[in-house]
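Visitor: So that you have it, the file is query37.cif, and it contains mmCIF, C-alpha atoms:
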data_data
loop_
_atom_site.label_atom_id
_atom_site.label_comp_id
_atom_site.auth_asym_id
_atom_site.auth_seq_id
_atom_site.Cartn_x
_atom_site.Cartn_y
_atom_site.Cartn_z
CA MET A 18 68.46 30.61 -58.78
CA SER A 19 67.44 28.50 -55.84
CA PHE A 20 63.82 27.99 -54.68
CA ILE A 21 64.66 30.27 -51.70
CA ASP A 22 65.25 33.15 -54.08
CA THR A 23 61.94 32.33 -55.80
CA LEU A 24 59.98 32.47 -52.48
CA GLY A 25 61.64 35.77 -51.60
CA GLY A 26 60.49 37.16 -54.91
CA ILE A 27 56.89 36.11 -54.20
CA VAL A 28 56.87 37.78 -50.75
CA LYS A 29 58.28 40.93 -52.22
CA GLY A 30 55.58 40.89 -54.89
CA VAL A 31 52.79 40.50 -52.30
CA GLY A 32 54.23 43.33 -50.18
CA SER A 33 54.39 45.68 -53.14
CA PHE A 34 50.81 44.65 -54.10
CA PHE A 35 49.36 45.68 -50.69
CA SER A 36 51.43 48.88 -50.55
CA SER A 37 50.13 50.05 -53.94
CA ASN A 38 46.89 52.08 -54.33
CA SER A 39 45.38 49.91 -57.02
CA LEU A 40 41.68 48.79 -56.84
CA GLY A 41 42.64 45.17 -56.24
CA SER A 42 45.00 46.15 -53.49
CA ASN A 43 42.31 48.21 -51.68
CA LEU A 44 39.78 45.35 -51.95
CA ALA A 45 42.27 42.91 -50.54
CA LYS A 46 43.06 45.30 -47.66
CA SER A 47 39.34 45.64 -46.80
CA ALA A 48 38.90 41.87 -46.80
CA LEU A 49 41.89 41.48 -44.54
CA TYR A 50 40.64 44.12 -42.07
CA GLY A 51 37.18 42.47 -42.05
CA PHE A 52 38.65 39.07 -41.30
CA ALA A 53 40.73 40.47 -38.47
CA LEU A 54 37.74 42.32 -36.98
CA ASN A 55 35.65 39.16 -37.18
CA ARG A 56 38.25 37.17 -35.25
CA VAL A 57 38.48 39.86 -32.57
CA ILE A 58 34.65 39.92 -32.08
CA LYS A 59 34.49 36.11 -31.89
CA SER A 60 37.25 36.09 -29.33
CA ILE A 61 35.36 38.62 -27.16
CA GLN A 62 32.13 36.62 -27.46
CA LYS A 63 33.91 33.45 -26.45
CA LYS A 64 35.26 35.13 -23.33
CA GLN A 65 31.79 36.47 -22.50
CA ASP A 66 30.30 32.96 -22.90
CA GLU A 67 32.91 31.54 -20.58
CA ASN A 68 31.98 34.12 -17.95
CA GLN A 69 28.22 33.29 -18.17
CA PRO A 70 26.99 31.11 -15.21
CA LYS A 71 26.30 27.46 -16.23
CA ASP A 72 22.94 25.78 -15.50
CA GLN A 73 23.47 24.47 -11.99
CA GLY A 74 20.48 22.14 -12.14
CA THR A 75 18.32 21.61 -9.07
CA GLN A 76 18.62 19.64 -5.88
CA VAL A 77 15.80 17.13 -5.76
CA SER A 78 15.07 15.85 -2.26
CA ILE A 79 13.55 12.41 -1.94
CA ASN A 80 12.33 11.46 1.48
CA PRO A 81 10.14 8.36 1.42
CA ASP A 82 8.68 7.42 4.80
CA PRO A 83 8.93 3.69 5.59
CA LYS A 84 5.86 4.10 7.82
CA ASN A 85 3.61 5.16 4.95
CA SER A 86 0.72 2.83 4.30
CA VAL A 87 -0.02 1.95 0.71
CA PRO A 88 -3.51 3.31 -0.09
CA VAL A 89 -6.40 1.13 -1.19
CA VAL A 90 -8.45 2.69 -3.98
CA TYR A 91 -12.11 1.73 -4.30
CA GLY A 92 -14.38 3.25 -6.93
CA ASP A 93 -13.01 6.38 -8.61
CA ALA A 94 -10.25 8.28 -6.82
CA PHE A 95 -7.24 10.53 -7.26
CA THR A 96 -3.98 9.54 -5.62
CA SER A 97 -0.50 11.02 -5.71
CA GLY A 98 1.18 7.82 -4.71
CA ILE A 99 4.25 7.25 -2.58
CA ILE A 100 7.79 7.36 -3.97
CA THR A 101 9.35 3.98 -3.28
CA ASP A 102 12.35 4.19 -5.59
CA ALA A 103 14.33 6.73 -7.58
CA HIS A 104 17.23 6.49 -9.95
CA MET A 105 19.28 9.13 -11.78
CA ALA A 106 20.54 8.38 -15.30
CA GLY A 107 21.71 10.07 -18.46
CA ASN A 108 24.46 12.19 -16.91
CA ASN A 109 22.01 13.55 -14.29
CA THR A 110 19.49 14.67 -16.89
CA THR A 111 17.00 11.82 -16.48
CA LEU A 112 15.26 11.02 -13.22
CA TRP A 113 13.35 7.76 -12.84
CA THR A 114 10.89 7.33 -10.00
CA CYS A 115 8.51 4.61 -8.91
CA LEU A 116 5.22 5.90 -7.52
CA THR A 117 3.29 3.27 -5.56
CA LEU A 118 -0.40 4.14 -5.90
CA SER A 119 -2.63 1.44 -4.46
CA GLU A 120 -3.07 -2.11 -3.35
CA ASN A 121 -4.57 -4.41 -5.95
CA THR A 122 -7.97 -5.33 -4.51
CA GLY A 123 -9.49 -8.82 -4.37
CA ASN A 124 -12.68 -10.37 -5.68
CA LEU A 125 -16.17 -8.94 -5.56
CA ILE A 126 -18.76 -10.81 -3.47
CA ASP A 127 -19.89 -12.66 -6.60
CA GLY A 128 -16.34 -13.92 -7.13
CA THR A 129 -15.49 -11.64 -10.04
CA PRO A 130 -11.97 -10.21 -9.78
CA SER A 131 -11.90 -6.45 -9.34
CA ALA A 132 -10.05 -4.42 -11.97
CA ILE A 133 -8.22 -1.13 -11.58
CA THR A 134 -7.86 1.22 -14.56
CA PHE A 135 -5.57 4.22 -15.04
CA LYS A 136 -8.01 6.89 -16.19
CA GLU A 137 -5.88 10.05 -16.25
CA VAL A 138 -2.67 11.54 -14.95
CA TYR A 139 -2.00 15.15 -13.94
CA TYR A 140 1.39 16.85 -13.63
CA ASN A 141 1.56 20.12 -11.70
CA GLY A 142 -2.14 20.63 -12.37
CA PHE A 143 -1.95 19.88 -16.10
CA ARG A 144 -3.74 16.86 -17.51
CA LEU A 145 -1.26 14.92 -19.63
CA ASP A 146 -1.96 13.61 -23.09
CA PHE A 147 0.27 11.01 -24.72
CA LYS A 148 2.00 10.45 -28.04
CA ALA A 149 1.32 7.40 -30.18
CA ASP A 150 3.50 5.17 -27.97
CA GLY A 151 1.04 5.66 -25.09
CA VAL A 152 3.72 6.55 -22.52
CA THR A 153 5.48 9.71 -23.77
CA VAL A 154 3.75 12.95 -22.89
CA ASP A 155 2.56 15.00 -25.85
CA LYS A 156 0.34 17.89 -24.89
CA ALA A 157 -0.77 19.05 -21.46
CA TYR A 158 -4.09 20.71 -20.70
CA ASP A 159 -4.97 23.18 -17.97
CA ASP A 160 -8.35 23.45 -16.24
CA SER A 161 -9.69 25.69 -19.01
CA GLY A 162 -8.75 23.21 -21.72
CA ASN A 163 -5.82 25.26 -23.04
CA SER A 164 -3.02 23.07 -24.29
CA THR A 165 0.72 23.46 -24.01
CA ASP A 166 3.69 21.59 -25.48
CA LYS A 167 6.07 22.46 -22.69
CA PHE A 168 6.17 18.90 -21.31
CA SER A 169 6.16 17.26 -24.71
CA GLY A 170 8.73 14.47 -24.89
CA LEU A 171 10.12 15.30 -21.47
CA ILE A 172 8.00 12.94 -19.36
CA GLN A 173 7.14 9.27 -19.78
CA VAL A 174 4.64 7.41 -17.59
CA TYR A 175 4.51 3.59 -17.43
CA PRO A 176 1.43 2.27 -15.57
CA PHE A 177 1.29 -1.20 -13.94
CA VAL A 178 -1.47 -3.10 -12.14
CA GLY A 179 -0.91 -6.09 -9.87
CA GLY A 180 2.88 -6.21 -10.02
CA SER A 181 5.90 -5.70 -12.23
CA THR A 182 4.56 -7.98 -14.93
CA GLY A 183 1.22 -6.18 -15.14
CA ALA A 184 1.90 -3.49 -17.75
CA VAL A 185 -1.32 -1.71 -18.77
CA ASN A 186 -2.37 1.16 -20.99
CA PHE A 187 -3.98 4.36 -19.90
CA TYR A 188 -7.74 4.22 -20.41
CA THR A 189 -7.47 6.87 -23.12
CA GLU A 190 -4.69 5.13 -25.06
CA SER A 191 -4.98 2.19 -27.42
CA THR A 192 -1.26 1.43 -27.12
CA GLY A 193 1.25 1.50 -24.33
CA ASN A 194 4.15 -0.15 -22.65
CA THR A 195 4.26 -3.94 -22.76
CA SER A 196 7.57 -4.49 -20.97
CA ASN A 197 7.85 -5.67 -17.41
CA ALA A 198 8.61 -2.96 -14.87
CA TYR A 199 12.02 -4.41 -14.07
CA ASN A 200 12.94 -4.02 -17.73
CA VAL A 201 11.80 -0.38 -17.71
CA MET A 202 13.18 0.93 -14.43
CA PRO A 203 16.99 1.10 -14.42
CA SER A 204 18.67 -0.95 -11.70
CA TRP A 205 15.65 -3.21 -11.18
CA SER A 206 15.79 -6.97 -11.57
CA SER A 207 13.19 -9.72 -11.73
CA THR A 208 13.04 -9.85 -7.92
CA ASP A 209 11.51 -6.36 -7.93
CA GLY A 210 8.05 -7.78 -8.31
CA MET A 211 5.94 -5.02 -6.67
CA ASP A 212 3.73 -7.82 -5.38
CA SER A 213 -0.01 -7.08 -5.80
CA LEU A 214 0.57 -3.35 -6.16
CA VAL A 215 -0.70 -0.70 -8.54
CA PHE A 216 2.10 1.68 -9.46
CA ALA A 217 3.61 3.89 -12.13
CA ILE A 218 7.19 4.32 -13.25
CA VAL A 219 7.84 7.91 -14.27
CA LYS A 220 10.77 9.11 -16.36
CA ILE A 221 11.50 12.84 -16.29
CA ASN A 222 14.03 14.54 -18.56
CA TYR A 223 15.52 17.74 -17.14
CA ASN A 224 14.63 20.90 -19.03
CA ALA A 225 15.22 24.25 -17.33
CA LYS A 226 13.68 26.23 -20.17
CA ASN A 227 10.34 24.44 -19.75
CA ARG A 228 10.71 24.32 -15.99
CA VAL A 229 10.85 20.56 -15.78
CA THR A 230 13.39 20.58 -12.99
CA GLN A 231 11.68 18.68 -10.19
CA ILE A 232 9.73 15.45 -9.73
CA GLY A 233 6.67 17.67 -9.56
CA ASP A 234 3.20 16.90 -8.35
CA PHE A 235 1.72 13.83 -10.03
CA LYS A 236 -1.89 12.88 -9.49
CA PHE A 237 -3.34 9.69 -10.93
CA ARG A 238 -7.03 9.12 -11.40
CA LEU A 239 -7.66 5.44 -10.79
CA SER A 240 -10.94 3.64 -11.26
CA ASN A 241 -11.71 0.36 -9.50
CA THR A 242 -14.63 -1.84 -10.53
CA MET A 243 -15.00 -2.58 -6.82
CA SER A 244 -17.21 0.35 -5.95
CA GLN A 245 -20.39 -1.01 -4.36
CA PRO A 246 -20.47 -0.60 -0.55
CA GLY A 247 -21.15 -4.31 0.02
CA ASP A 248 -18.21 -5.39 -2.11
CA VAL A 249 -15.91 -2.85 -0.48
CA LEU A 250 -16.93 -3.83 3.05
CA PHE A 251 -16.55 -7.51 2.22
CA ASP A 252 -13.10 -6.95 0.72
CA TYR A 253 -11.99 -4.85 3.65
CA MET A 254 -13.27 -7.37 6.18
CA THR A 255 -11.70 -10.41 4.57
CA ASN A 256 -8.43 -9.16 3.12
CA THR A 257 -5.51 -10.42 5.18
CA ARG A 258 -3.08 -7.86 3.80
CA TYR A 259 -4.79 -4.52 4.21
CA GLY A 260 -8.10 -5.54 5.80
CA ALA A 261 -9.34 -7.15 8.96
CA GLY A 262 -8.56 -10.69 7.82
CA ILE A 263 -11.83 -12.15 9.06
CA PRO A 264 -12.36 -15.68 7.68
CA GLN A 265 -14.94 -15.63 4.91
CA ALA A 266 -16.80 -18.48 6.64
CA GLU A 267 -17.55 -16.21 9.59
CA ILE A 268 -19.33 -13.65 7.44
CA ASN A 269 -22.97 -14.21 6.67
CA ILE A 270 -23.29 -12.64 3.22
CA MET B 23 -34.20 -8.33 17.03
CA SER B 24 -36.82 -7.41 19.61
CA ILE B 25 -38.98 -9.96 21.44
CA ASN B 26 -42.45 -9.06 22.67
CA LEU B 27 -42.58 -10.29 26.26
CA THR B 28 -45.75 -8.53 27.35
CA SER B 29 -47.81 -11.70 27.38
CA TYR B 30 -45.44 -13.54 29.77
CA THR B 31 -45.72 -13.29 33.56
CA GLY B 32 -42.24 -14.67 34.09
CA LEU B 33 -39.26 -15.84 32.08
CA ARG B 34 -35.77 -17.19 32.41
CA ALA B 35 -32.72 -16.27 30.38
CA ALA B 36 -29.89 -18.67 29.65
CA THR B 37 -26.47 -17.99 28.23
CA PHE B 38 -24.67 -20.39 25.94
CA VAL B 39 -20.93 -20.37 25.34
CA ARG B 40 -19.12 -21.95 22.42
CA LEU B 41 -15.31 -22.15 22.61
CA ASN B 42 -13.50 -23.25 19.49
CA ILE B 43 -10.07 -24.38 20.69
CA GLN B 44 -7.73 -25.15 17.84
CA GLN B 45 -4.93 -26.67 19.94
CA TYR B 46 -6.56 -28.91 22.53
CA ARG B 47 -5.07 -31.85 24.39
CA GLN B 48 -5.57 -33.59 27.69
CA THR B 49 -2.04 -34.82 28.38
CA PRO B 50 1.23 -32.91 28.35
CA GLY B 51 2.80 -34.96 25.55
CA GLY B 52 -0.31 -35.56 23.51
CA SER B 53 -0.90 -34.19 20.07
CA TYR B 54 -3.09 -31.17 19.58
CA THR B 55 -6.52 -31.54 18.07
CA SER B 56 -9.33 -29.14 17.39
CA GLN B 57 -12.04 -29.21 20.03
CA ILE B 58 -15.25 -27.29 20.43
CA LEU B 59 -16.48 -26.88 24.01
CA ARG B 60 -20.14 -25.98 24.49
CA PHE B 61 -21.75 -25.21 27.80
CA SER B 62 -24.48 -23.07 29.27
CA ASP B 63 -25.94 -21.86 32.55
CA HIS B 64 -29.25 -23.46 31.58
CA ASN B 65 -30.67 -26.30 33.68
CA VAL B 66 -31.02 -28.81 30.83
CA ALA B 67 -29.09 -29.64 27.71
CA PHE B 68 -30.10 -27.44 24.81
CA ASP B 69 -29.40 -27.46 21.07
CA ILE B 70 -28.37 -24.46 19.02
CA ASN B 71 -27.71 -24.91 15.31
CA GLY B 72 -27.69 -28.66 15.81
CA GLU B 73 -25.05 -28.52 18.56
CA THR B 74 -25.82 -29.56 22.13
CA TYR B 75 -24.76 -27.28 24.98
CA THR B 76 -23.95 -28.97 28.31
CA PRO B 77 -25.82 -27.42 31.25
CA ILE B 78 -23.53 -26.43 34.12
CA GLY B 79 -26.01 -24.08 35.77
CA ASN B 80 -24.59 -21.71 38.33
CA LEU B 81 -21.05 -22.96 37.75
CA LEU B 82 -20.94 -20.67 34.75
CA GLY B 83 -20.75 -16.93 35.14
CA ILE B 84 -20.45 -14.31 32.45
CA THR B 85 -19.95 -10.63 33.08
CA ASP B 86 -22.66 -8.31 31.84
CA THR B 87 -22.53 -6.58 28.52
CA SER B 88 -24.67 -3.67 27.53
CA SER B 89 -26.84 -3.87 24.49
CA GLU B 90 -26.18 -0.92 22.21
CA LEU B 91 -27.46 0.15 18.85
CA ARG B 92 -23.96 0.09 17.39
CA SER B 93 -21.46 -2.70 17.81
CA SER B 94 -19.33 -1.96 20.85
CA ASN B 95 -15.94 -3.25 21.88
CA GLN B 96 -16.81 -4.49 25.37
CA ASP B 97 -14.72 -7.33 26.75
CA ILE B 98 -16.22 -10.08 28.90
CA THR B 99 -15.00 -12.56 31.47
CA ILE B 100 -16.33 -16.10 31.51
CA THR B 101 -15.94 -17.89 34.83
CA ILE B 102 -16.31 -21.66 35.16
CA SER B 103 -16.29 -22.97 38.70
CA GLY B 104 -16.17 -26.42 40.22
CA ILE B 105 -13.53 -27.87 37.96
CA PRO B 106 -12.05 -30.96 39.67
CA ASN B 107 -8.30 -31.33 39.83
CA THR B 108 -8.47 -34.27 37.46
CA SER B 109 -9.89 -32.08 34.71
CA LEU B 110 -7.45 -29.25 35.18
CA GLY B 111 -4.95 -30.79 32.79
CA GLU B 112 -7.17 -30.03 29.84
CA VAL B 113 -6.90 -26.34 30.65
CA LEU B 114 -3.19 -26.38 31.39
CA TYR B 115 -2.05 -28.43 28.43
CA SER B 116 -4.27 -26.87 25.79
CA LYS B 117 -3.61 -23.53 24.14
CA LEU B 118 -6.69 -21.53 24.97
CA LYS B 119 -5.41 -18.09 24.03
CA GLY B 120 -6.64 -16.95 20.66
CA SER B 121 -9.53 -19.39 20.59
CA ASN B 122 -12.79 -18.19 19.12
CA VAL B 123 -15.61 -17.44 21.56
CA GLN B 124 -19.29 -17.15 20.72
CA VAL B 125 -21.93 -16.32 23.28
CA TYR B 126 -25.64 -16.83 22.64
CA ARG B 127 -28.67 -15.99 24.72
CA ALA B 128 -32.11 -17.57 24.75
CA TYR B 129 -35.28 -16.84 26.72
CA PHE B 130 -37.48 -19.50 28.24
CA THR B 131 -40.85 -19.54 29.97
CA GLN B 132 -41.07 -20.71 33.56
CA ALA B 133 -42.22 -24.04 32.15
CA GLY B 134 -39.04 -24.29 30.07
CA SER B 135 -40.33 -23.57 26.55
CA GLN B 136 -38.15 -21.32 24.45
CA ILE B 137 -39.50 -17.90 23.58
CA SER B 138 -38.62 -16.76 20.06
CA THR B 139 -35.24 -17.84 18.69
CA THR B 140 -31.73 -17.95 20.09
CA GLN B 141 -29.88 -14.65 19.75
CA GLY B 142 -26.19 -14.09 19.20
CA ARG B 143 -24.91 -11.93 22.03
CA TRP B 144 -21.17 -11.62 21.79
CA LEU B 145 -18.28 -12.60 19.48
CA GLY B 146 -14.62 -12.51 20.35
CA THR B 147 -11.39 -14.26 21.18
CA ILE B 148 -9.77 -15.57 24.36
CA ASN B 149 -7.16 -13.05 25.39
CA ASN B 150 -5.98 -14.57 28.65
CA TYR B 151 -7.09 -16.81 31.50
CA ASN B 152 -6.26 -17.53 35.11
CA ILE B 153 -7.00 -20.42 37.43
CA ASP B 154 -8.00 -20.12 41.08
CA GLU B 155 -7.80 -23.06 43.41
CA GLU B 156 -10.44 -23.47 46.11
CA TYR B 157 -8.91 -25.85 48.62
CA ASN B 158 -11.22 -27.70 51.01
CA VAL B 159 -9.18 -28.24 54.19
CA LEU B 160 -11.64 -30.57 55.84
CA GLY B 161 -12.20 -32.64 52.76
CA THR B 162 -8.53 -32.41 51.74
CA ASP B 163 -9.44 -31.92 48.16
CA ALA B 164 -9.73 -28.94 45.87
CA THR B 165 -11.83 -27.57 43.11
CA ASN B 166 -10.77 -24.92 40.70
CA SER B 167 -12.32 -22.06 38.86
CA ILE B 168 -11.07 -20.67 35.63
CA GLN B 169 -11.59 -17.09 34.56
CA ILE B 170 -11.37 -16.61 30.84
CA ASN B 171 -10.83 -13.04 29.68
CA CYS B 172 -12.24 -12.52 26.23
CA ILE B 173 -11.59 -9.61 23.91
CA SER B 174 -14.30 -8.65 21.47
CA SER B 175 -13.74 -8.99 17.74
CA LEU B 176 -14.39 -5.27 17.37
CA ASN B 177 -11.62 -4.49 19.84
CA LEU B 178 -9.29 -6.78 17.92
CA LEU B 179 -10.10 -5.01 14.68
CA GLU B 180 -9.47 -1.62 16.27
CA GLN B 181 -6.05 -2.77 17.45
CA LYS B 182 -5.10 -4.37 14.16
CA ILE B 183 -2.29 -2.64 12.31
CA ALA B 184 -3.48 -3.11 8.80
CA GLY B 185 -2.00 -2.25 5.49
CA LEU B 186 1.27 -2.65 3.70
CA LYS B 187 3.93 -0.13 4.75
CA THR B 188 6.47 1.16 2.30
CA ASN B 189 9.43 -0.62 3.84
CA PRO B 190 11.18 -3.88 2.92
CA ASN B 191 10.15 -5.82 6.02
CA SER B 192 6.48 -5.08 5.50
CA LEU B 193 6.53 -6.16 1.86
CA LYS B 194 8.53 -9.31 2.61
CA THR B 195 5.81 -10.34 5.09
CA TYR B 196 3.61 -10.99 2.07
CA ALA B 197 6.20 -11.60 -0.66
CA VAL B 198 9.35 -13.08 0.84
CA THR B 199 11.65 -12.60 -2.15
CA ASP B 200 10.32 -9.26 -3.36
CA THR B 201 13.02 -6.58 -3.22
CA SER B 202 10.93 -3.69 -4.58
CA PHE B 203 10.99 -1.69 -1.34
CA ASP B 204 14.58 -2.55 -0.40
CA ARG B 205 15.88 0.85 -1.49
CA VAL B 206 13.38 2.90 0.51
CA PRO B 207 15.58 3.12 3.67
CA THR B 208 18.59 4.29 1.65
CA LEU B 209 16.53 6.88 -0.21
CA ILE B 210 15.45 8.64 2.98
CA GLY B 211 16.89 12.15 2.93
CA SER B 212 18.76 11.62 -0.30
CA GLN B 213 19.48 14.49 -2.68
CA PHE B 214 19.71 14.21 -6.44
CA ASP B 215 21.58 16.81 -8.50
CA PHE B 216 18.98 16.86 -11.23
CA GLY B 217 20.28 18.58 -14.36
CA VAL B 218 23.85 19.06 -13.15
CA GLN B 219 25.96 17.72 -16.00
CA ARG B 220 29.39 16.48 -15.00
#
Write the structure described by the file as structure tokens, please.
Guide:
Amino acid sequence: MSFIDTLGGIVKGVGSFFSSNSLGSNLAKSALYGFALNRVIKSIQKKQDENQPKDQGTQVSINPDPKNSVPVVYGDAFTSGIITDAHMAGNNTTLWTCLTLSENTGNLIDGTPSAITFKEVYYNGFRLDFKADGVTVDKAYDDSGNSTDKFSGLIQVYPFVGGSTGAVNFYTESTGNTSNAYNVMPSWSSTDGMDSLVFAIVKINYNAKNRVTQIGDFKFRLSNTMSQPGDVLFDYMTNTRYGAGIPQAEINI
Amino acid sequence: MSINLTSYTGLRAATFVRLNIQQYRQTPGGSYTSQILRFSDHNVAFDINGETYTPIGNLLGITDTSSELRSSNQDITITISGIPNTSLGEVLYSKLKGSNVQVYRAYFTQAGSQISTTQGRWLGTINNYNIDEEYNVLGTDATNSIQINCISSLNLLEQKIAGLKTNPNSLKTYAVTDTSFDRVPTLIGSQFDFGVQR
């Protein structure tokens, strides 16, 4: 007897097993029907999923005006900044932007250099709190102090003062970014110095569920140690970049 | 600063002009030097801050300015007459435009004693000038007058376009090699398909 005859015998045996009314046969039939039903349902679900509309993302318009003047922040002030660069990465799911916030001011009348601090940052009206790295958003707080996690991990903010090599921490954070801006922002090189500017690089990860689909409205609270009227007037009168450029010798202090 | 003049029966006022010319020369090919010219419509030489002002009397004329509580942006014209032809080269070969102008005023009694201290009256910059020739036909010689138009420092400040603009040219004015704003022009009107996975 060849192996062909043996296989034929097995098939015959299986056929007679299913056609019988024994308990084992009925159990096997039920299992078979269940398996078939399961495959049919999965097939239908797959077709339904294919017919569902995919997340189309959002169109983000960026329209920086080359005639915008960079603000000068004295004392304590909120500023939204001006977008001066943007870069898409991560298969269109990560948007990098550079927000130019202020000029870096000069010395006080007594010769002490002024210092600008990043006090707080708000996103769409929510005050942002940061994780241990000092740049990744953790919780966000509304005006009433209620917190939400909806921006957690989706936004990163890298503050800089005085140029691309001036990485600083937020006032509330003990840690933060230490890399130069041109090592943070994709497509930047060492010639992107952001000379004497105060700015922030913002990284936003797309998340439709949490409605992080746009650049949004950022507001930075900056604090400048140059806040006394005399210092401000002196700086504005003498600064050759954003002020009147009057020689210091011509001012009787 | 106010001066109480009630006790004086008569007084004279004199105006003093200080021109700080950075590029001054007397010959066409000469090298430029810095020169400060000081003159007044007073009748004798007079010192202000240790500097002597040459009296040229009525040969100096200055248009009126009004005295206001706030600083105002009035321009003035300084006219110097009686300049001989031989001295005209100094005006023609020097670069007067942009030079710093300071005008002072002092009051004197009829006897010539100064009343109170010298007051600063006007501060500005030479904006333009023109030269008029007064030819004497009978004498076959000529004298010249120069009218110097001066723009006040306040006017200059009002016209100044201050501040860094968010465009590459503006940034490169202050940082020649900085390319941070180079992408601003190409970003204008750009659209990003945020969240559209390809």
Visitor: Under the PyMOL selection byres ((chain A) within 6 of (chain B)), which residues of this model are included? Write them out as a VMD selection string.
Guide: chain A and resid 73 to 81 83 to 87 101 108 to 110 208 to 211 223 258 to 259
Visitor: Give me the residues within 12 Å of A:Ala157 as a list in words, counting all atoms listed in the file and dropping any in the same chain fewer than 3 places off.
Guide: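 Counting only the stated atoms, we get Glu137, Val138, Tyr139, Tyr140, Asn141, Gly142, Phe143, Arg144, Leu145, Asp146, Phe147, Lys148, Thr153, Val154, Asp160, Ser161, Gly162, Asn163, Ser164, Thr165, Asp166, Lys167, Phe168, Ser169, Gly170, Leu171 and Ile172 of chain A.
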Visitor: Write a file of the just-selected residues containing C-alpha atoms, as a PDB file, keeping the file's coordinate frame.
Guide:
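Contents of part-v4.pdb, as written:
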ATOM      1  CA  GLU A 137      -5.880  10.050 -16.250  1.00  0.00           C
ATOM      2  CA  VAL A 138      -2.670  11.540 -14.950  1.00  0.00           C
ATOM      3  CA  TYR A 139      -2.000  15.150 -13.940  1.00  0.00           C
ATOM      4  CA  TYR A 140       1.390  16.850 -13.630  1.00  0.00           C
ATOM      5  CA  ASN A 141       1.560  20.120 -11.700  1.00  0.00           C
ATOM      6  CA  GLY A 142      -2.140  20.630 -12.370  1.00  0.00           C
ATOM      7  CA  PHE A 143      -1.950  19.880 -16.100  1.00  0.00           C
ATOM      8  CA  ARG A 144      -3.740  16.860 -17.510  1.00  0.00           C
ATOM      9  CA  LEU A 145      -1.260  14.920 -19.630  1.00  0.00           C
ATOM     10  CA  ASP A 146      -1.960  13.610 -23.090  1.00  0.00           C
ATOM     11  CA  PHE A 147       0.270  11.010 -24.720  1.00  0.00           C
ATOM     12  CA  LYS A 148       2.000  10.450 -28.040  1.00  0.00           C
ATOM     13  CA  THR A 153       5.480   9.710 -23.770  1.00  0.00           C
ATOM     14  CA  VAL A 154       3.750  12.950 -22.890  1.00  0.00           C
ATOM     15  CA  ASP A 160      -8.350  23.450 -16.240  1.00  0.00           C
ATOM     16  CA  SER A 161      -9.690  25.690 -19.010  1.00  0.00           C
ATOM     17  CA  GLY A 162      -8.750  23.210 -21.720  1.00  0.00           C
ATOM     18  CA  ASN A 163      -5.820  25.260 -23.040  1.00  0.00           C
ATOM     19  CA  SER A 164      -3.020  23.070 -24.290  1.00  0.00           C
ATOM     20  CA  THR A 165       0.720  23.460 -24.010  1.00  0.00           C
ATOM     21  CA  ASP A 166       3.690  21.590 -25.480  1.00  0.00           C
ATOM     22  CA  LYS A 167       6.070  22.460 -22.690  1.00  0.00           C
ATOM     23  CA  PHE A 168       6.170  18.900 -21.310  1.00  0.00           C
ATOM     24  CA  SER A 169       6.160  17.260 -24.710  1.00  0.00           C
ATOM     25  CA  GLY A 170       8.730  14.470 -24.890  1.00  0.00           C
ATOM     26  CA  LEU A 171      10.120  15.300 -21.470  1.00  0.00           C
ATOM     27  CA  ILE A 172       8.000  12.940 -19.360  1.00  0.00           C
TER      28      ILE A 172
END
Visitor: Find the residue from B:Ser29, B:Gly52, B:Thr147, B:Asp154 that sits nearest to B:Asn95; use all atoms listed in the file when measuring.
Guide: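 Comparing B:Ser29, B:Gly52, B:Thr147, B:Asp154 against B:Asn95, the winner is B:Thr147.
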Visitor: If I take atom CA of B:Val113 and atom CA of A:Ile268, how far is one from the other in Å, to one decimal?
Guide: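 Between these atoms lies a distance of 29.2 Å.
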Visitor: Give me the result of the PyMOL selection byres ((chain B and resi 108) around 12) on this file, residue by residue, as a PyMOL selection string.
Guide: chain B and resi 48-49+104-107+109-114+163-166
Visitor: Based on the selection just made, write C-alpha atoms of those residues as a short mmCIF file (atom, residue, chain, number, x, y, z; two decimals), keeping the file's coordinate frame.
Guide:
data_model
loop_
_atom_site.label_atom_id
_atom_site.label_comp_id
_atom_site.auth_asym_id
_atom_site.auth_seq_id
_atom_site.Cartn_x
_atom_site.Cartn_y
_atom_site.Cartn_z
CA GLN B 48 -5.57 -33.59 27.69
CA THR B 49 -2.04 -34.82 28.38
CA GLY B 104 -16.17 -26.42 40.22
CA ILE B 105 -13.53 -27.87 37.96
CA PRO B 106 -12.05 -30.96 39.67
CA ASN B 107 -8.30 -31.33 39.83
CA SER B 109 -9.89 -32.08 34.71
CA LEU B 110 -7.45 -29.25 35.18
CA GLY B 111 -4.95 -30.79 32.79
CA GLU B 112 -7.17 -30.03 29.84
CA VAL B 113 -6.90 -26.34 30.65
CA LEU B 114 -3.19 -26.38 31.39
CA ASP B 163 -9.44 -31.92 48.16
CA ALA B 164 -9.73 -28.94 45.87
CA THR B 165 -11.83 -27.57 43.11
CA ASN B 166 -10.77 -24.92 40.70
#
